[in-house]
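Asker: mmCIF, C-alpha atoms, file upload_7.cif:
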```cif
data_target
loop_
_atom_site.label_atom_id
_atom_site.label_comp_id
_atom_site.auth_asym_id
_atom_site.auth_seq_id
_atom_site.Cartn_x
_atom_site.Cartn_y
_atom_site.Cartn_z
CA MET A 418 9.89 10.36 4.78
CA THR A 419 7.28 11.60 2.38
CA ALA A 420 4.69 9.53 0.62
CA ILE A 421 5.70 8.28 -2.77
CA ILE A 422 3.24 8.06 -5.59
CA ASP A 423 4.09 5.13 -7.79
CA VAL A 424 2.69 5.12 -11.27
CA SER A 425 5.13 2.57 -12.64
CA ASP A 426 2.52 -0.16 -12.72
CA VAL A 427 1.53 -0.06 -16.35
CA ASP A 428 -1.01 -2.85 -16.16
CA ARG A 429 -3.34 -1.38 -13.60
CA PRO A 430 -4.83 2.11 -13.50
CA VAL A 431 -3.90 2.90 -9.95
CA ILE A 432 -2.13 5.38 -7.77
CA VAL A 433 0.08 3.86 -5.12
CA ILE A 434 1.29 5.69 -2.03
CA THR A 435 3.71 4.04 0.39
CA ARG A 436 5.17 5.02 3.75
CA ASP A 437 7.39 3.19 6.24
CA PHE A 438 6.55 3.57 9.91
CA ASP A 439 8.84 2.82 12.86
CA ALA A 440 6.20 0.68 14.54
CA PRO A 441 5.04 -2.95 14.46
CA CYS A 442 2.15 -3.98 12.19
CA GLU A 443 -0.25 -4.56 15.07
CA LEU A 444 0.20 -1.02 16.32
CA VAL A 445 -0.24 0.50 12.85
CA TRP A 446 -3.29 -1.69 12.28
CA LYS A 447 -4.95 -0.39 15.44
CA ALA A 448 -4.07 3.17 14.49
CA ILE A 449 -5.88 2.84 11.15
CA THR A 450 -8.89 0.81 12.31
CA ASP A 451 -9.68 2.28 15.73
CA PRO A 452 -11.90 5.32 15.00
CA LYS A 453 -10.62 7.13 18.10
CA GLN A 454 -7.07 6.86 16.76
CA VAL A 455 -8.01 7.62 13.16
CA ALA A 456 -9.65 10.84 14.38
CA VAL A 457 -6.27 11.84 15.84
CA TRP A 458 -4.23 11.71 12.64
CA TYR A 459 -6.62 11.79 9.67
CA GLY A 460 -6.14 14.92 7.56
CA GLY A 461 -2.86 15.90 9.20
CA PRO A 462 -1.78 18.91 11.27
CA GLY A 463 -4.49 21.52 11.75
CA PHE A 464 -7.29 19.21 10.69
CA THR A 465 -9.80 17.80 13.14
CA ASN A 466 -12.26 14.96 12.75
CA PRO A 467 -15.49 15.74 14.59
CA VAL A 468 -17.05 12.50 13.35
CA CYS A 469 -15.33 9.17 12.80
CA GLU A 470 -17.58 6.14 13.11
CA MET A 471 -16.33 2.80 11.85
CA ASP A 472 -18.35 -0.37 11.65
CA LEU A 473 -15.35 -2.58 10.99
CA ARG A 474 -16.76 -5.52 9.06
CA PRO A 475 -17.36 -6.25 5.38
CA GLY A 476 -20.33 -4.11 4.32
CA GLY A 477 -19.93 -1.94 7.41
CA THR A 478 -19.87 1.83 6.96
CA TRP A 479 -17.20 4.38 7.80
CA HIS A 480 -18.86 7.72 8.39
CA HIS A 481 -16.35 10.52 8.62
CA VAL A 482 -16.46 14.30 8.90
CA MET A 483 -13.16 16.12 8.58
CA GLN A 484 -12.74 19.78 9.43
CA ALA A 485 -10.07 21.86 7.71
CA PRO A 486 -8.16 24.61 9.57
CA ASN A 487 -10.39 27.20 7.88
CA GLY A 488 -13.50 25.54 9.33
CA SER A 489 -14.68 23.86 6.12
CA ARG A 490 -16.18 20.47 6.79
CA TYR A 491 -15.88 17.51 4.48
CA THR A 492 -18.08 14.46 4.78
CA ILE A 493 -16.45 11.26 3.62
CA ASN A 494 -18.57 8.15 3.59
CA SER A 495 -17.12 4.75 2.81
CA VAL A 496 -18.06 1.10 3.00
CA PHE A 497 -15.57 -1.52 4.18
CA GLU A 498 -15.10 -4.39 1.78
CA GLU A 499 -12.36 -6.46 3.35
CA ILE A 500 -10.78 -6.61 6.79
CA VAL A 501 -7.83 -8.92 7.42
CA ALA A 502 -6.13 -7.93 10.69
CA PRO A 503 -3.38 -6.86 10.89
CA LYS A 504 -2.47 -6.59 7.26
CA ARG A 505 -5.21 -5.68 4.82
CA LEU A 506 -8.01 -3.11 4.85
CA VAL A 507 -10.21 -2.39 1.84
CA TRP A 508 -12.87 0.30 1.64
CA ARG A 509 -14.85 1.99 -1.11
CA THR A 510 -15.74 5.66 -0.94
CA VAL A 511 -19.35 6.58 -1.61
CA LYS A 512 -20.28 9.36 -4.03
CA ASP A 513 -20.83 12.71 -2.35
CA PRO A 514 -23.36 14.71 -4.39
CA ASN A 515 -23.01 17.74 -2.10
CA ARG A 516 -19.52 18.53 -3.29
CA ASN A 517 -18.84 20.35 -6.53
CA PRO A 518 -17.13 18.88 -8.39
CA PRO A 519 -17.84 15.60 -6.61
CA PRO A 520 -14.57 13.86 -5.87
CA PRO A 521 -14.06 10.69 -7.90
CA THR A 522 -15.07 7.61 -5.95
CA SER A 523 -12.41 5.03 -5.38
CA LEU A 524 -11.59 1.58 -4.11
CA ASN A 525 -8.84 1.87 -1.51
CA THR A 526 -6.64 -0.98 -0.34
CA VAL A 527 -4.18 -0.52 2.51
CA THR A 528 -1.73 -3.33 3.13
CA LEU A 529 0.69 -3.52 6.04
CA GLU A 530 3.92 -5.41 5.61
CA ALA A 531 6.38 -6.10 8.43
CA ARG A 532 9.91 -5.06 7.49
CA GLY A 533 12.14 -5.73 10.47
CA GLN A 534 11.12 -3.25 13.16
CA GLN A 535 9.24 -1.20 10.59
CA THR A 536 5.91 -1.50 8.87
CA ARG A 537 5.39 -0.60 5.26
CA TRP A 538 2.01 1.04 4.78
CA LYS A 539 0.85 0.90 1.19
CA LEU A 540 -2.29 2.47 -0.21
CA VAL A 541 -3.51 1.46 -3.64
CA THR A 542 -6.24 3.77 -4.91
CA LEU A 543 -8.28 2.66 -7.85
CA PHE A 544 -10.43 5.54 -9.03
CA ASP A 545 -13.71 4.32 -10.43
CA SER A 546 -13.75 6.85 -13.20
CA ILE A 547 -10.31 5.69 -14.27
CA ALA A 548 -10.92 2.03 -13.65
CA ASP A 549 -14.11 1.94 -15.64
CA ARG A 550 -12.38 3.44 -18.61
CA ASP A 551 -9.05 1.71 -18.26
CA LEU A 552 -6.74 4.67 -17.86
CA ALA A 553 -3.22 3.36 -18.17
CA ALA A 554 -1.04 4.33 -15.24
CA LYS A 555 1.73 5.09 -17.68
CA MET A 556 -0.13 8.27 -18.43
CA GLY A 557 2.22 9.31 -15.67
CA PHE A 558 -0.07 11.32 -13.40
CA GLY A 559 2.41 11.21 -10.56
CA GLN A 560 5.21 12.51 -12.71
CA MET A 561 3.03 15.26 -14.07
CA ILE A 562 1.80 16.42 -10.72
CA GLY A 563 3.02 19.89 -9.97
CA MET A 564 4.35 20.53 -13.43
CA GLY A 565 3.71 23.81 -15.11
CA THR A 566 1.86 23.91 -18.38
CA ASP A 567 5.02 24.10 -20.47
CA ARG A 568 6.66 21.14 -18.80
CA MET A 569 3.40 19.26 -18.98
CA ALA A 570 3.29 19.77 -22.71
CA ALA A 571 6.83 18.47 -23.02
CA HIS A 572 5.96 15.51 -20.86
CA LEU A 573 2.93 14.65 -22.97
CA ALA A 574 5.30 14.58 -25.92
CA THR A 575 7.70 12.17 -24.22
CA LEU A 576 4.80 9.93 -23.21
CA GLN A 577 3.76 9.74 -26.78
CA GLY A 578 7.33 8.86 -27.75
CA ALA A 579 7.36 6.04 -25.21
CA GLU A 580 4.18 4.65 -26.68
CA ASP A 581 5.54 4.75 -30.19
CA HIS A 582 8.43 2.60 -29.04
CA GLY A 583 6.28 0.38 -26.88
CA MET B 195 -24.57 14.69 -20.03
CA ILE B 196 -21.31 14.26 -18.24
CA GLN B 197 -21.77 15.50 -14.69
CA ASP B 198 -18.40 14.73 -13.24
CA ARG B 199 -15.80 16.92 -14.91
CA LEU B 200 -12.89 14.99 -13.46
CA SER B 201 -14.43 11.78 -14.71
CA SER B 202 -14.84 13.18 -18.19
CA VAL B 203 -11.17 14.18 -18.25
CA PHE B 204 -10.10 10.78 -16.93
CA PHE B 205 -12.23 9.14 -19.59
CA ALA B 206 -10.72 11.32 -22.29
CA LEU B 207 -7.20 10.49 -21.10
CA ALA B 208 -7.90 6.76 -20.96
CA ASP B 209 -7.11 6.20 -24.62
CA PRO B 210 -3.58 6.20 -26.12
CA THR B 211 -4.74 7.84 -29.36
CA ARG B 212 -6.33 10.69 -27.45
CA ARG B 213 -3.20 11.12 -25.35
CA GLY B 214 -1.21 11.17 -28.57
CA VAL B 215 -3.45 13.89 -29.94
CA LEU B 216 -2.93 15.95 -26.79
CA ALA B 217 0.82 15.46 -27.05
CA ARG B 218 0.73 16.66 -30.65
CA LEU B 219 -1.41 19.68 -29.76
CA ALA B 220 0.98 20.53 -26.94
CA THR B 221 3.47 21.44 -29.66
CA GLY B 222 1.00 23.67 -31.46
CA ASP B 223 -2.47 23.82 -33.03
CA ALA B 224 -3.23 21.28 -35.76
CA THR B 225 -6.01 20.35 -38.16
CA VAL B 226 -7.90 17.04 -38.05
CA LYS B 227 -5.97 15.85 -41.09
CA GLU B 228 -2.64 16.63 -39.44
CA LEU B 229 -3.73 14.94 -36.25
CA ALA B 230 -4.81 11.81 -38.12
CA GLU B 231 -1.50 11.45 -39.96
CA PRO B 232 0.46 9.39 -37.37
CA TYR B 233 -2.38 6.89 -37.01
CA GLU B 234 -3.61 4.10 -39.20
CA MET B 235 -7.16 5.27 -38.88
CA SER B 236 -9.59 7.31 -40.88
CA VAL B 237 -10.11 11.02 -40.38
CA ALA B 238 -13.62 10.09 -39.24
CA ALA B 239 -12.23 7.80 -36.53
CA VAL B 240 -9.85 10.49 -35.32
CA SER B 241 -12.74 12.97 -35.35
CA LYS B 242 -14.58 10.75 -32.87
CA HIS B 243 -11.61 10.94 -30.51
CA LEU B 244 -11.49 14.70 -30.95
CA LYS B 245 -15.18 14.92 -29.97
CA VAL B 246 -14.39 13.11 -26.70
CA LEU B 247 -11.49 15.46 -25.99
CA GLU B 248 -13.65 18.44 -26.78
CA ALA B 249 -16.49 17.23 -24.55
CA ALA B 250 -13.99 16.98 -21.71
CA GLY B 251 -12.87 20.53 -22.39
CA LEU B 252 -9.34 19.41 -23.18
CA ILE B 253 -9.30 20.86 -26.68
CA SER B 254 -11.14 23.57 -28.57
CA GLN B 255 -11.75 24.34 -32.22
CA GLY B 256 -10.63 27.47 -33.93
CA ARG B 257 -13.39 29.21 -35.88
CA GLN B 258 -11.38 31.62 -37.90
CA SER B 259 -10.23 29.39 -40.72
CA GLN B 260 -12.03 26.80 -42.80
CA TRP B 261 -9.67 24.08 -41.44
CA ARG B 262 -10.68 24.82 -37.87
CA PRO B 263 -7.41 23.82 -36.18
CA ARG B 264 -7.64 22.19 -32.78
CA HIS B 265 -6.12 23.86 -29.73
CA LEU B 266 -4.99 22.30 -26.44
CA GLU B 267 -6.84 23.63 -23.39
CA ALA B 268 -4.07 22.95 -20.91
CA GLY B 269 -5.99 24.53 -18.05
CA ARG B 270 -8.39 21.63 -17.86
CA LEU B 271 -5.52 19.13 -17.61
CA GLN B 272 -4.00 21.27 -14.89
CA GLU B 273 -7.29 21.01 -12.99
CA VAL B 274 -6.98 17.24 -12.88
CA PHE B 275 -3.31 17.34 -11.92
CA ALA B 276 -4.12 19.86 -9.21
CA TRP B 277 -6.75 17.51 -7.85
CA LEU B 278 -4.29 14.63 -7.80
CA GLU B 279 -1.71 16.85 -6.14
CA ASP B 280 -4.28 17.68 -3.44
CA TYR B 281 -4.88 13.97 -3.03
CA ARG B 282 -1.18 13.30 -2.57
CA ARG B 283 -0.82 16.21 -0.13
CA PHE B 284 -3.79 14.98 1.87
CA TRP B 285 -2.14 11.61 2.43
CA ASP B 286 1.29 13.13 2.98
CA ARG B 287 -0.08 15.30 5.78
CA SER B 288 -2.18 12.49 7.24
CA LEU B 289 0.75 10.08 7.25
CA ASP B 290 2.98 12.66 8.95
CA SER B 291 0.41 12.85 11.72
CA LEU B 292 0.02 9.07 11.81
CA ALA B 293 3.80 8.68 12.19
CA GLU B 294 3.78 11.15 15.09
CA HIS B 295 0.79 9.38 16.67
CA LEU B 296 2.61 6.01 16.45
CA ARG B 297 5.76 7.54 17.96
CA VAL B 298 3.84 8.87 20.94
CA LEU B 299 1.99 5.56 21.38
CA GLN B 300 5.25 3.64 21.44
CA MET B 301 6.83 6.03 23.94
CA GLN B 302 3.81 5.53 26.19
CA ASN B 303 4.00 1.75 25.74
CA ALA B 304 7.73 1.76 26.52
CA GLY B 305 7.01 3.74 29.69
CA LYS B 306 4.36 1.22 30.79
CA LYS B 307 6.75 -1.68 30.12
CA ARG B 308 9.45 -0.09 32.24
CA ARG B 309 7.00 0.37 35.09
CA ARG B 310 5.80 -3.23 34.70
CA SER B 311 9.33 -4.63 34.72
CA LYS B 312 10.05 -2.78 37.97
CA ARG B 313 7.00 -4.41 39.54
CA VAL B 314 8.08 -7.81 38.18
CA ARG B 315 11.49 -7.45 39.78
CA ARG B 316 9.95 -6.69 43.14
CA THR B 317 7.41 -9.50 42.98
CA PRO B 318 9.72 -12.57 43.25
CA SER B 319 11.27 -11.46 46.54
CA VAL B 320 7.79 -11.12 48.05
CA LYS B 321 6.79 -14.55 46.73
CA GLY B 322 10.06 -16.01 47.92
CA GLY B 323 9.33 -14.55 51.33
CA ASN B 324 5.90 -16.21 51.33
CA ARG B 325 7.38 -19.59 50.53
CA GLN B 326 9.78 -19.56 53.45
#
```
Could I get this structure in the form of structure tokens?
Answerer:
Amino acid sequence: MTAIIDVSDVDRPVIVITRDFDAPCELVWKAITDPKQVAVWYGGPGFTNPVCEMDLRPGGTWHHVMQAPNGSRYTINSVFEEIVAPKRLVWRTVKDPNRNPPPPTSLNTVTLEARGQQTRWKLVTLFDSIADRDLAAKMGFGQMIGMGTDRMAAHLATLQGAEDHG
Amino acid sequence: MIQDRLSSVFFALADPTRRGVLARLATGDATVKELAEPYEMSVAAVSKHLKVLEAAGLISQGRQSQWRPRHLEAGRLQEVFAWLEDYRRFWDRSLDSLAEHLRVLQMQNAGKKRRRSKRVRRTPSVKGGNRQ
């Protein structure tokens, strides 16, 4: 199952990614909060995580260095805001001035929901640069992702149509 | 000065009028007057929106005619979409690995449980023997 980006929430400027795992909440919780385990999966196949230090408490830092298959290293620093085991983890990424362009900072909320034998993992990303300026999710970023310029132009037109009717 | 180019594009896209202007320009170049037509706002007000779009690099102004038609710079929008696509891919890849990690963990746990249950089955007979 692939991650789904949900941009249907028109009230909040967010990007939502969900995934169902065949594992109980407690196990998924440990896998996302134990730095040794996070270092195993973060980034995906081919990526390694030479540094993953988590001070798991509100205000605690998450210092992370991810290495891409080509050797490039990316430092990702975050601060935990909320920890409710085994169902809710909130962290805020810290601005990285060494990257050009600097990635937008964001508030990230992962919730775990038990669904029978499965756990639904849901990430809500609120980009500061969007949040501050109230970008409506109905802009349809997710739908536009991967579109060519021509299709994008057509999509912009349909968005405008939707707004005229809304 | 806007330092963060992604931020400036996000900011520009945050307003429905500006998105409307982009949608209009996606169908072809247009003058300020043409762009202002669908809206109940002054040409001056629309011009302010155009300045924001221009600062973000989303539109440009023609210089050849006195009407200076605006032109959509689709490449800049693509840059933002490409970034978001990278973001999605990053999580897609990470979650694939997380799923595999959880699968392996559970197989290991199941193995431990089986070994434990074997020990449990043996234990009562020993205890029973002690009681006699």
Asker: List the neighbours of B:Glu231 out to 12 Å using only C-alpha atoms; skip same-chain residues closer than 5 positions along the sequence, and give me the result as a PyMOL selection string.
Answerer: chain B and resi 211+214-215+218+224-226+236-237+239-240
Asker: Rounded to one decimal in Å, what is the spacing between atom CA of B:Lys245 and atom CA of B:Pro210?
Answerer: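 Computed distance, atom CA of B:Lys245 to atom CA of B:Pro210, equals 15.0 Å.
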Asker: So, counting all atoms listed in the file, which residue among B:Leu252, B:Val246, B:Ala230, B:Ala206 is closest to chain A?
Answerer: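 Counting all atoms listed in the file, the residue closest to chain A is B:Ala206.
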Asker: Return the neighbours of chain A among the residues of chain B, cut-off 8 Å, counting all atoms listed in the file, as a PyMOL selection string.
Answerer: chain B and resi 198-201+204-205+207-210+213-214+216-218+220-221+268-269+272+275-276+278-279+282+284-293+295-297+300
Asker: Would you save the residues of that selection, restricted to C-alpha atoms, as a PDB file, keeping the file's coordinate frame?
Answerer:
```pdb
ATOM      1  CA  ASP B 198     -18.400  14.730 -13.240  1.00  0.00           C
ATOM      2  CA  ARG B 199     -15.800  16.920 -14.910  1.00  0.00           C
ATOM      3  CA  LEU B 200     -12.890  14.990 -13.460  1.00  0.00           C
ATOM      4  CA  SER B 201     -14.430  11.780 -14.710  1.00  0.00           C
ATOM      5  CA  PHE B 204     -10.100  10.780 -16.930  1.00  0.00           C
ATOM      6  CA  PHE B 205     -12.230   9.140 -19.590  1.00  0.00           C
ATOM      7  CA  LEU B 207      -7.200  10.490 -21.100  1.00  0.00           C
ATOM      8  CA  ALA B 208      -7.900   6.760 -20.960  1.00  0.00           C
ATOM      9  CA  ASP B 209      -7.110   6.200 -24.620  1.00  0.00           C
ATOM     10  CA  PRO B 210      -3.580   6.200 -26.120  1.00  0.00           C
ATOM     11  CA  ARG B 213      -3.200  11.120 -25.350  1.00  0.00           C
ATOM     12  CA  GLY B 214      -1.210  11.170 -28.570  1.00  0.00           C
ATOM     13  CA  LEU B 216      -2.930  15.950 -26.790  1.00  0.00           C
ATOM     14  CA  ALA B 217       0.820  15.460 -27.050  1.00  0.00           C
ATOM     15  CA  ARG B 218       0.730  16.660 -30.650  1.00  0.00           C
ATOM     16  CA  ALA B 220       0.980  20.530 -26.940  1.00  0.00           C
ATOM     17  CA  THR B 221       3.470  21.440 -29.660  1.00  0.00           C
ATOM     18  CA  ALA B 268      -4.070  22.950 -20.910  1.00  0.00           C
ATOM     19  CA  GLY B 269      -5.990  24.530 -18.050  1.00  0.00           C
ATOM     20  CA  GLN B 272      -4.000  21.270 -14.890  1.00  0.00           C
ATOM     21  CA  PHE B 275      -3.310  17.340 -11.920  1.00  0.00           C
ATOM     22  CA  ALA B 276      -4.120  19.860  -9.210  1.00  0.00           C
ATOM     23  CA  LEU B 278      -4.290  14.630  -7.800  1.00  0.00           C
ATOM     24  CA  GLU B 279      -1.710  16.850  -6.140  1.00  0.00           C
ATOM     25  CA  ARG B 282      -1.180  13.300  -2.570  1.00  0.00           C
ATOM     26  CA  PHE B 284      -3.790  14.980   1.870  1.00  0.00           C
ATOM     27  CA  TRP B 285      -2.140  11.610   2.430  1.00  0.00           C
ATOM     28  CA  ASP B 286       1.290  13.130   2.980  1.00  0.00           C
ATOM     29  CA  ARG B 287      -0.080  15.300   5.780  1.00  0.00           C
ATOM     30  CA  SER B 288      -2.180  12.490   7.240  1.00  0.00           C
ATOM     31  CA  LEU B 289       0.750  10.080   7.250  1.00  0.00           C
ATOM     32  CA  ASP B 290       2.980  12.660   8.950  1.00  0.00           C
ATOM     33  CA  SER B 291       0.410  12.850  11.720  1.00  0.00           C
ATOM     34  CA  LEU B 292       0.020   9.070  11.810  1.00  0.00           C
ATOM     35  CA  ALA B 293       3.800   8.680  12.190  1.00  0.00           C
ATOM     36  CA  HIS B 295       0.790   9.380  16.670  1.00  0.00           C
ATOM     37  CA  LEU B 296       2.610   6.010  16.450  1.00  0.00           C
ATOM     38  CA  ARG B 297       5.760   7.540  17.960  1.00  0.00           C
ATOM     39  CA  GLN B 300       5.250   3.640  21.440  1.00  0.00           C
TER      40      GLN B 300
END
```
Asker: Have a look at B:Leu229, B:Gln260, B:Leu219, B:Gly251 and name the one nearest to B:Glu273; count all atoms listed in the file.
Answerer: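 Among the listed residues, B:Gly251 lies closest to B:Glu273.
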Asker: Neighbours of B:Gln255 within 7 Å (only C-alpha atoms; same-chain residues fewer than 4 positions away dropped), as a PyMOL selection string?
Answerer: chain B and resi 262-265
Asker: What residues come out when you apply the PyMOL selection byres ((chain A and resi 480) around 7) to this file, written as JSON, numbers by chain?
Answerer: {"A": [469, 470, 471, 478, 479, 481, 493, 494, 495]}
Asker: What is the atom CA of A:Asn487 to atom CA of A:Asn466 distance in Å?
Answerer: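 Separating atom CA of A:Asn487 from atom CA of A:Asn466 is a distance of 13.3 Å.
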Asker: Translate the PyMOL selection byres ((chain A and resi 497) around 6), as applied to the file shown, into an explicit residue set as an NGL selection string.
Answerer: :A and (475-477 or 496 or 498-499 or 507-508)
Asker: Using all atoms listed in the file for the distances, tell me which of A:Leu524, A:Ile500, A:Val511, A:Leu473 is nearest to A:Asp451.
Answerer: A:Leu473
Asker: Which value, in Å to one decimal, gives the distance between atom CA of B:Ala250 and atom CA of B:Glu234?
Answerer: 24.1 Å
Asker: Just checking: using all atoms listed in the file, which residue out of A:Leu506, A:Ala456, A:Val501, A:Ser523 ends up closest to A:Met483?
Answerer: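 With all atoms listed in the file as the atom set, the closest residue is A:Ala456.
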Asker: For A:Val527, which of A:Pro514, A:Pro486, A:Pro452, A:Pro503 is the closest residue, counting only C-alpha atoms?
Answerer: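 The answer is A:Pro503, which sits nearest to A:Val527.
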Asker: Find the residue from A:Val468, A:Leu543, A:Arg532, A:Arg509 that sits nearest to A:Val482; use only C-alpha atoms when measuring.
Answerer: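 Among A:Val468, A:Leu543, A:Arg532, A:Arg509, it is A:Val468 that comes nearest to A:Val482.
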